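Asks: Pasting a structure here, questions to come.
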Amino acid sequence: MKVSASFLSSKDIPKDLVQLDHTDIDYIHVDIMDGKFVSNKTMPFHEMRHVGDYTSKRLDVHLMVEEPSKYIPLYAELNTEYITFHVEVLEDIEANLDLIHHYSIKSGLAIKPDTKISSLVPYLPFIDMILVMSVEPGEGGQSFIRNTEKKLQEVRDLVESYHFPIIINVDGGVNSETVKYCSDADMVVAGSFITSSDDFQEKITSLRS
Ligand code: DX5
Ligand code: ZN
């Protein structure tokens, strides 16, 4: 199981990023919120870009924004492996996936808990990752929605039936207990479970199985 660490709930971001850099975490999950797609707003790009000053880990960028096309060129400049935006956006999805690929970055589509999996089908040939939200996007520290286990099984069946090389990632409320409901995923995002602890490596290890 790959693990991506979210610093959304971190109280001291530089310190936590340096500490994460000393673990075997696979990615740093960068949550971006515009105050429109979700009501919260994260810091602007000119501040967020400094993530790379504190860690050399690759970034897994999660855009919770109405207009991904405004953010993709910015985050493509960083040490970014994945840029993920939501299938619920109103902008043209294929055009945004093309834009991500134009920068030779891997693309992901995120899906909110109440959105039907069938909405992903038209885009399966063009994406590298599906990010299944196990909480309503918008804030860290929420409880894992139990029904996500079933949704992950359905996403796994879908991806396998089409033979697409897509990785499945889960985001929200993941900890050493709820990770057992994520056996159909290839990767999990964990925020507060890691950053509220005083032993990041121990928490990361407990999520791998
Ligand atoms: C929720 C964010 C998540 C969140 C994960 O909107 O997309 O990435 O920060 O944090 P935890 O693990 O605390 O739920
Ligand atoms: Zn996220």
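Letters A, B, ... go to the chains of the structure tokens in the order shown; residues in each chain start at 1; ligands are counted from 1 in the same order.
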Can you list, as an MDAnalysis selection string, every protein, DNA or RNA residue that comes within 12 Å of Lys116 of chain A when you count only C-alpha atoms, leaving out same-chain residues fewer than 2 positions away?
Replies: chainID A and resid 87:88 110:114 118:121 132 151 154:155
Asks: Can you spit out the residues from that selection as a PDB file, in the first residue's frame, using N, CA, C and O atoms?
Replies:
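That gives us part_20.pdb:
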```pdb
ATOM      1  N   VAL A  87     -14.366  15.152 -10.709  1.00  0.00           N
ATOM      2  CA  VAL A  87     -15.257  14.841 -11.831  1.00  0.00           C
ATOM      3  C   VAL A  87     -16.523  15.712 -11.764  1.00  0.00           C
ATOM      4  O   VAL A  87     -17.226  15.856 -12.769  1.00  0.00           O
ATOM      5  N   GLU A  88     -16.768  16.332 -10.585  1.00  0.00           N
ATOM      6  CA  GLU A  88     -17.967  17.178 -10.420  1.00  0.00           C
ATOM      7  C   GLU A  88     -17.761  18.604 -10.940  1.00  0.00           C
ATOM      8  O   GLU A  88     -18.690  19.410 -10.877  1.00  0.00           O
ATOM      9  N   ALA A 110     -10.985  12.890  -9.016  1.00  0.00           N
ATOM     10  CA  ALA A 110     -11.517  12.620  -7.678  1.00  0.00           C
ATOM     11  C   ALA A 110     -13.029  12.554  -7.758  1.00  0.00           C
ATOM     12  O   ALA A 110     -13.652  13.226  -8.589  1.00  0.00           O
ATOM     13  N   ILE A 111     -13.609  11.754  -6.874  1.00  0.00           N
ATOM     14  CA  ILE A 111     -15.069  11.586  -6.871  1.00  0.00           C
ATOM     15  C   ILE A 111     -15.594  11.712  -5.440  1.00  0.00           C
ATOM     16  O   ILE A 111     -15.073  11.067  -4.525  1.00  0.00           O
ATOM     17  N   LYS A 112     -16.591  12.576  -5.271  1.00  0.00           N
ATOM     18  CA  LYS A 112     -17.161  12.814  -3.941  1.00  0.00           C
ATOM     19  C   LYS A 112     -18.012  11.606  -3.512  1.00  0.00           C
ATOM     20  O   LYS A 112     -18.466  10.830  -4.364  1.00  0.00           O
ATOM     21  N   PRO A 113     -18.275  11.484  -2.210  1.00  0.00           N
ATOM     22  CA  PRO A 113     -18.991  10.292  -1.715  1.00  0.00           C
ATOM     23  C   PRO A 113     -20.342  10.035  -2.380  1.00  0.00           C
ATOM     24  O   PRO A 113     -20.710   8.882  -2.577  1.00  0.00           O
ATOM     25  N   ASP A 114     -21.080  11.083  -2.750  1.00  0.00           N
ATOM     26  CA  ASP A 114     -22.425  10.856  -3.294  1.00  0.00           C
ATOM     27  C   ASP A 114     -22.488  10.827  -4.818  1.00  0.00           C
ATOM     28  O   ASP A 114     -23.574  10.734  -5.392  1.00  0.00           O
ATOM     29  N   SER A 118     -20.346   5.740 -12.290  1.00  0.00           N
ATOM     30  CA  SER A 118     -20.505   5.743 -13.754  1.00  0.00           C
ATOM     31  C   SER A 118     -20.048   7.065 -14.376  1.00  0.00           C
ATOM     32  O   SER A 118     -19.680   7.104 -15.547  1.00  0.00           O
ATOM     33  N   SER A 119     -20.012   8.151 -13.560  1.00  0.00           N
ATOM     34  CA  SER A 119     -19.571   9.449 -14.101  1.00  0.00           C
ATOM     35  C   SER A 119     -18.099   9.417 -14.520  1.00  0.00           C
ATOM     36  O   SER A 119     -17.645  10.267 -15.284  1.00  0.00           O
ATOM     37  N   LEU A 120     -17.355   8.430 -14.024  1.00  0.00           N
ATOM     38  CA  LEU A 120     -15.920   8.341 -14.358  1.00  0.00           C
ATOM     39  C   LEU A 120     -15.682   7.648 -15.698  1.00  0.00           C
ATOM     40  O   LEU A 120     -14.627   7.826 -16.322  1.00  0.00           O
ATOM     41  N   VAL A 121     -16.661   6.831 -16.110  1.00  0.00           N
ATOM     42  CA  VAL A 121     -16.437   5.920 -17.246  1.00  0.00           C
ATOM     43  C   VAL A 121     -15.888   6.589 -18.504  1.00  0.00           C
ATOM     44  O   VAL A 121     -14.926   6.102 -19.095  1.00  0.00           O
ATOM     45  N   VAL A 132     -10.855   8.303  -4.628  1.00  0.00           N
ATOM     46  CA  VAL A 132     -12.184   8.087  -4.044  1.00  0.00           C
ATOM     47  C   VAL A 132     -12.231   8.819  -2.707  1.00  0.00           C
ATOM     48  O   VAL A 132     -11.458   8.515  -1.792  1.00  0.00           O
ATOM     49  N   LYS A 151     -17.751   1.102  -2.338  1.00  0.00           N
ATOM     50  CA  LYS A 151     -17.469   1.933  -3.504  1.00  0.00           C
ATOM     51  C   LYS A 151     -16.111   1.562  -4.103  1.00  0.00           C
ATOM     52  O   LYS A 151     -15.946   1.500  -5.320  1.00  0.00           O
ATOM     53  N   GLU A 154     -16.377  -1.487  -6.161  1.00  0.00           N
ATOM     54  CA  GLU A 154     -16.998  -1.205  -7.456  1.00  0.00           C
ATOM     55  C   GLU A 154     -16.024  -0.510  -8.403  1.00  0.00           C
ATOM     56  O   GLU A 154     -15.970  -0.809  -9.592  1.00  0.00           O
ATOM     57  N   VAL A 155     -15.232   0.407  -7.851  1.00  0.00           N
ATOM     58  CA  VAL A 155     -14.237   1.101  -8.685  1.00  0.00           C
ATOM     59  C   VAL A 155     -13.186   0.091  -9.158  1.00  0.00           C
ATOM     60  O   VAL A 155     -12.786   0.100 -10.330  1.00  0.00           O
TER      61      VAL A 155
END
```
Asks: So that I can see what lies close to segment 91-93 of chain A, please list as a list of chain:residue names the residues with an atom at most 7 Å from it, counting only C-alpha atoms and leaving out residues fewer than 3 positions away in the same chain.
Replies: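 Neighbouring residues, sequence-local ones excluded: A:Glu67, A:Asn96, A:Leu97.
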Asks: Just the selected residues (all heavy atoms), exported as a PDB file, in the first residue's frame, please.
Replies:
```pdb
ATOM      1  N   GLU A  67     -12.323  25.714 -11.005  1.00  0.00           N
ATOM      2  CA  GLU A  67     -11.656  25.936 -12.288  1.00  0.00           C
ATOM      3  C   GLU A  67     -10.242  25.364 -12.288  1.00  0.00           C
ATOM      4  O   GLU A  67      -9.258  26.110 -12.140  1.00  0.00           O
ATOM      5  CB  GLU A  67     -11.610  27.434 -12.591  1.00  0.00           C
ATOM      6  CG  GLU A  67     -12.999  28.037 -12.742  1.00  0.00           C
ATOM      7  CD  GLU A  67     -12.965  29.557 -12.730  1.00  0.00           C
ATOM      8  OE1 GLU A  67     -12.608  30.132 -11.687  1.00  0.00           O
ATOM      9  OE2 GLU A  67     -13.279  30.144 -13.778  1.00  0.00           O
ATOM     10  N   ASN A  96      -9.023  19.583 -19.402  1.00  0.00           N
ATOM     11  CA  ASN A  96      -8.157  19.685 -18.227  1.00  0.00           C
ATOM     12  C   ASN A  96      -7.207  18.488 -18.121  1.00  0.00           C
ATOM     13  O   ASN A  96      -6.049  18.651 -17.716  1.00  0.00           O
ATOM     14  CB  ASN A  96      -8.993  19.834 -16.952  1.00  0.00           C
ATOM     15  CG  ASN A  96      -9.411  21.275 -16.732  1.00  0.00           C
ATOM     16  OD1 ASN A  96      -8.586  22.130 -16.451  1.00  0.00           O
ATOM     17  ND2 ASN A  96     -10.699  21.552 -16.909  1.00  0.00           N
ATOM     18  N   LEU A  97      -7.680  17.305 -18.497  1.00  0.00           N
ATOM     19  CA  LEU A  97      -6.786  16.136 -18.489  1.00  0.00           C
ATOM     20  C   LEU A  97      -5.679  16.338 -19.531  1.00  0.00           C
ATOM     21  O   LEU A  97      -4.502  16.055 -19.265  1.00  0.00           O
ATOM     22  CB  LEU A  97      -7.570  14.848 -18.775  1.00  0.00           C
ATOM     23  CG  LEU A  97      -8.581  14.435 -17.692  1.00  0.00           C
ATOM     24  CD1 LEU A  97      -9.422  13.246 -18.176  1.00  0.00           C
ATOM     25  CD2 LEU A  97      -7.874  14.069 -16.385  1.00  0.00           C
TER      26      LEU A  97
END
```
Asks: Tell me, counting only C-alpha atoms and all ligand atoms, for each residue of chain A within 8 Å of ligand 2, which pair of atoms is nearest and how far apart they are in Å to one decimal, in rows ordered by chain and increasing number, as a Markdown table.
Replies:
```
| residue | atom | partner | partner_atom_place_in_ligand_line | distance |
| --- | --- | --- | --- | --- |
| A:Ser6 | CA | ligand 2 | 1 (Zn) | 6.8 |
| A:His29 | CA | ligand 2 | 1 (Zn) | 6.5 |
| A:Val30 | CA | ligand 2 | 1 (Zn) | 6.9 |
| A:Asp31 | CA | ligand 2 | 1 (Zn) | 4.9 |
| A:Ile32 | CA | ligand 2 | 1 (Zn) | 7.9 |
| A:Val61 | CA | ligand 2 | 1 (Zn) | 7.9 |
| A:His62 | CA | ligand 2 | 1 (Zn) | 5.3 |
| A:Leu63 | CA | ligand 2 | 1 (Zn) | 7.8 |
| A:Met64 | CA | ligand 2 | 1 (Zn) | 7.9 |
| A:Met133 | CA | ligand 2 | 1 (Zn) | 8.0 |
| A:Pro137 | CA | ligand 2 | 1 (Zn) | 7.2 |
| A:Asp171 | CA | ligand 2 | 1 (Zn) | 5.7 |
| A:Gly172 | CA | ligand 2 | 1 (Zn) | 7.0 |
| A:Val189 | CA | ligand 2 | 1 (Zn) | 7.1 |
```
Asks: Please build the interface table for chain A against ligand 1 with a cut-off of 6 Å, listing for each qualifying residue the nearest atom pair and the distance in Å to one decimal; count only C-alpha atoms and all ligand atoms, order rows by chain and increasing number, and write it as a Markdown table.
Replies:
```
| residue | atom | partner | partner_atom_place_in_ligand_line | distance |
| --- | --- | --- | --- | --- |
| A:Ser6 | CA | ligand 1 | 9 (O) | 5.3 |
| A:Leu8 | CA | ligand 1 | 9 (O) | 4.8 |
| A:Asp31 | CA | ligand 1 | 7 (O) | 5.7 |
| A:Pro137 | CA | ligand 1 | 6 (O) | 3.4 |
| A:Gly138 | CA | ligand 1 | 6 (O) | 3.8 |
| A:Glu139 | CA | ligand 1 | 6 (O) | 4.4 |
| A:Gly140 | CA | ligand 1 | 13 (O) | 3.9 |
| A:Gly141 | CA | ligand 1 | 13 (O) | 3.6 |
| A:Gln142 | CA | ligand 1 | 14 (O) | 5.2 |
| A:Asp171 | CA | ligand 1 | 8 (O) | 5.4 |
| A:Gly172 | CA | ligand 1 | 14 (O) | 3.6 |
| A:Gly173 | CA | ligand 1 | 14 (O) | 3.8 |
| A:Val174 | CA | ligand 1 | 12 (O) | 5.3 |
| A:Ala190 | CA | ligand 1 | 12 (O) | 3.9 |
| A:Gly191 | CA | ligand 1 | 12 (O) | 3.4 |
| A:Ser192 | CA | ligand 1 | 13 (O) | 3.8 |
| A:Phe193 | CA | ligand 1 | 12 (O) | 5.9 |
```
Asks: For those residues, write N, CA and C atoms to a file as an mmCIF file, in the first residue's frame.
Replies:
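What landed in out.cif:
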```
data_model
loop_
_atom_site.group_PDB
_atom_site.id
_atom_site.type_symbol
_atom_site.label_atom_id
_atom_site.label_comp_id
_atom_site.auth_asym_id
_atom_site.auth_seq_id
_atom_site.Cartn_x
_atom_site.Cartn_y
_atom_site.Cartn_z
ATOM 1 N N SER A 6 -1.152 14.138 3.876
ATOM 2 C CA SER A 6 -1.767 15.468 3.739
ATOM 3 C C SER A 6 -1.368 16.328 4.940
ATOM 4 N N LEU A 8 -2.904 19.243 5.524
ATOM 5 C CA LEU A 8 -4.010 20.206 5.647
ATOM 6 C C LEU A 8 -4.291 20.596 7.100
ATOM 7 N N ASP A 31 -3.476 19.588 -0.676
ATOM 8 C CA ASP A 31 -4.895 19.921 -0.816
ATOM 9 C C ASP A 31 -5.056 21.393 -1.171
ATOM 10 N N PRO A 137 -15.326 16.410 0.693
ATOM 11 C CA PRO A 137 -14.130 17.245 0.629
ATOM 12 C C PRO A 137 -14.348 18.589 1.319
ATOM 13 N N GLY A 138 -13.284 19.149 1.872
ATOM 14 C CA GLY A 138 -13.415 20.476 2.466
ATOM 15 C C GLY A 138 -12.648 20.675 3.745
ATOM 16 N N GLU A 139 -12.455 19.598 4.515
ATOM 17 C CA GLU A 139 -11.642 19.771 5.720
ATOM 18 C C GLU A 139 -11.036 18.449 6.174
ATOM 19 N N GLY A 140 -9.945 18.572 6.931
ATOM 20 C CA GLY A 140 -9.284 17.396 7.479
ATOM 21 C C GLY A 140 -9.963 16.954 8.767
ATOM 22 N N GLY A 141 -9.573 15.772 9.259
ATOM 23 C CA GLY A 141 -10.022 15.321 10.576
ATOM 24 C C GLY A 141 -11.442 14.800 10.639
ATOM 25 N N GLN A 142 -12.082 14.498 9.495
ATOM 26 C CA GLN A 142 -13.442 13.946 9.520
ATOM 27 C C GLN A 142 -13.378 12.418 9.620
ATOM 28 N N ASP A 171 -9.156 9.044 0.064
ATOM 29 C CA ASP A 171 -8.798 10.267 0.785
ATOM 30 C C ASP A 171 -9.863 10.646 1.808
ATOM 31 N N GLY A 172 -9.456 10.706 3.083
ATOM 32 C CA GLY A 172 -10.323 11.216 4.138
ATOM 33 C C GLY A 172 -10.563 10.222 5.258
ATOM 34 N N GLY A 173 -10.164 10.592 6.455
ATOM 35 C CA GLY A 173 -10.452 9.762 7.629
ATOM 36 C C GLY A 173 -9.709 8.441 7.680
ATOM 37 N N VAL A 174 -8.607 8.343 6.931
ATOM 38 C CA VAL A 174 -7.868 7.072 6.939
ATOM 39 C C VAL A 174 -6.953 7.019 8.155
ATOM 40 N N ALA A 190 -3.414 10.066 4.122
ATOM 41 C CA ALA A 190 -3.699 10.244 5.551
ATOM 42 C C ALA A 190 -3.166 11.593 5.984
ATOM 43 N N GLY A 191 -4.011 12.341 6.684
ATOM 44 C CA GLY A 191 -3.639 13.673 7.155
ATOM 45 C C GLY A 191 -3.458 13.678 8.645
ATOM 46 N N SER A 192 -4.559 13.987 9.357
ATOM 47 C CA SER A 192 -4.455 14.165 10.806
ATOM 48 C C SER A 192 -3.908 12.932 11.520
ATOM 49 N N PHE A 193 -4.179 11.743 11.010
ATOM 50 C CA PHE A 193 -3.661 10.528 11.659
ATOM 51 C C PHE A 193 -2.134 10.592 11.772
#
```
Asks: As a list in words, which residues of segment 57-144 of chain A does DSSP assign to strand (DSSP E or B)?
Replies: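 DSSP-assigned strand (DSSP E or B) residues in segment 57-144 of chain A: Leu59, Asp60, Val61, His62, Leu63, Met64, Thr80, Glu81, Tyr82, Ile83, Thr84, Phe85, His86, Lys106, Ser107, Gly108, Leu109, Ala110, Ile111, Met129, Ile130, Leu131, Val132 and Met133 of chain A.
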Asks: Residues at most 12 Å from Lys15 of chain A, counting only C-alpha atoms, excluding those fewer than 5 positions away in the same chain, as a PyMOL selection string?
Replies: chain A and resi 7+10+20-22+51+53-55+195+198+200
Asks: Extract, using only C-alpha atoms, all DNA, RNA and protein residues at most 12 Å from Glu149 of chain A, discarding same-chain residues fewer than 4 positions from it, and format them as a PyMOL selection string.
Replies: chain A and resi 113+132-134+144-145+153-156+170+174+178-185
Asks: Since we have the selection now, will you write its residues out, keeping N, CA and C atoms, as a tab-separated table (two decimals), in the first residue's frame?
Replies:
```tsv
chain	number	residue	atom	x	y	z
A	113	PRO	N	-18.28	11.48	-2.21
A	113	PRO	CA	-18.99	10.29	-1.72
A	113	PRO	C	-20.34	10.04	-2.38
A	132	VAL	N	-10.85	8.30	-4.63
A	132	VAL	CA	-12.18	8.09	-4.04
A	132	VAL	C	-12.23	8.82	-2.71
A	133	MET	N	-13.14	9.80	-2.61
A	133	MET	CA	-13.25	10.55	-1.35
A	133	MET	C	-14.03	9.72	-0.34
A	134	SER	N	-13.44	9.55	0.84
A	134	SER	CA	-14.09	8.80	1.91
A	134	SER	C	-14.62	9.74	2.99
A	144	PHE	N	-14.12	8.59	8.48
A	144	PHE	CA	-14.19	7.77	7.28
A	144	PHE	C	-15.62	7.28	7.07
A	145	ILE	N	-16.15	7.47	5.86
A	145	ILE	CA	-17.51	6.98	5.54
A	145	ILE	C	-17.40	5.49	5.21
A	153	GLN	N	-14.67	-1.34	-3.98
A	153	GLN	CA	-14.81	-2.62	-4.69
A	153	GLN	C	-15.38	-2.38	-6.08
A	154	GLU	N	-16.38	-1.49	-6.16
A	154	GLU	CA	-17.00	-1.21	-7.46
A	154	GLU	C	-16.02	-0.51	-8.40
A	155	VAL	N	-15.23	0.41	-7.85
A	155	VAL	CA	-14.24	1.10	-8.69
A	155	VAL	C	-13.19	0.09	-9.16
A	156	ARG	N	-12.78	-0.79	-8.27
A	156	ARG	CA	-11.79	-1.82	-8.64
A	156	ARG	C	-12.35	-2.70	-9.77
A	170	VAL	N	-7.51	6.62	-1.95
A	170	VAL	CA	-8.63	6.93	-1.03
A	170	VAL	C	-8.22	8.11	-0.16
A	174	VAL	N	-8.61	8.34	6.93
A	174	VAL	CA	-7.87	7.07	6.94
A	174	VAL	C	-6.95	7.02	8.15
A	178	THR	N	-9.37	2.28	9.92
A	178	THR	CA	-10.18	2.37	8.70
A	178	THR	C	-9.43	1.88	7.46
A	179	VAL	N	-8.12	1.80	7.53
A	179	VAL	CA	-7.36	1.32	6.36
A	179	VAL	C	-7.77	-0.11	6.01
A	180	LYS	N	-8.34	-0.83	6.96
A	180	LYS	CA	-8.76	-2.20	6.63
A	180	LYS	C	-9.96	-2.23	5.68
A	181	TYR	N	-10.63	-1.10	5.53
A	181	TYR	CA	-11.73	-1.03	4.55
A	181	TYR	C	-11.23	-0.58	3.18
A	182	CYS	N	-9.92	-0.43	3.06
A	182	CYS	CA	-9.34	0.11	1.81
A	182	CYS	C	-8.53	-0.95	1.06
A	183	SER	N	-8.87	-2.22	1.24
A	183	SER	CA	-8.04	-3.26	0.63
A	183	SER	C	-8.12	-3.25	-0.90
A	184	ASP	N	-9.13	-2.61	-1.46
A	184	ASP	CA	-9.21	-2.52	-2.92
A	184	ASP	C	-8.46	-1.31	-3.47
A	185	ALA	N	-7.81	-0.56	-2.59
A	185	ALA	CA	-7.06	0.62	-3.05
A	185	ALA	C	-5.57	0.28	-3.18
```
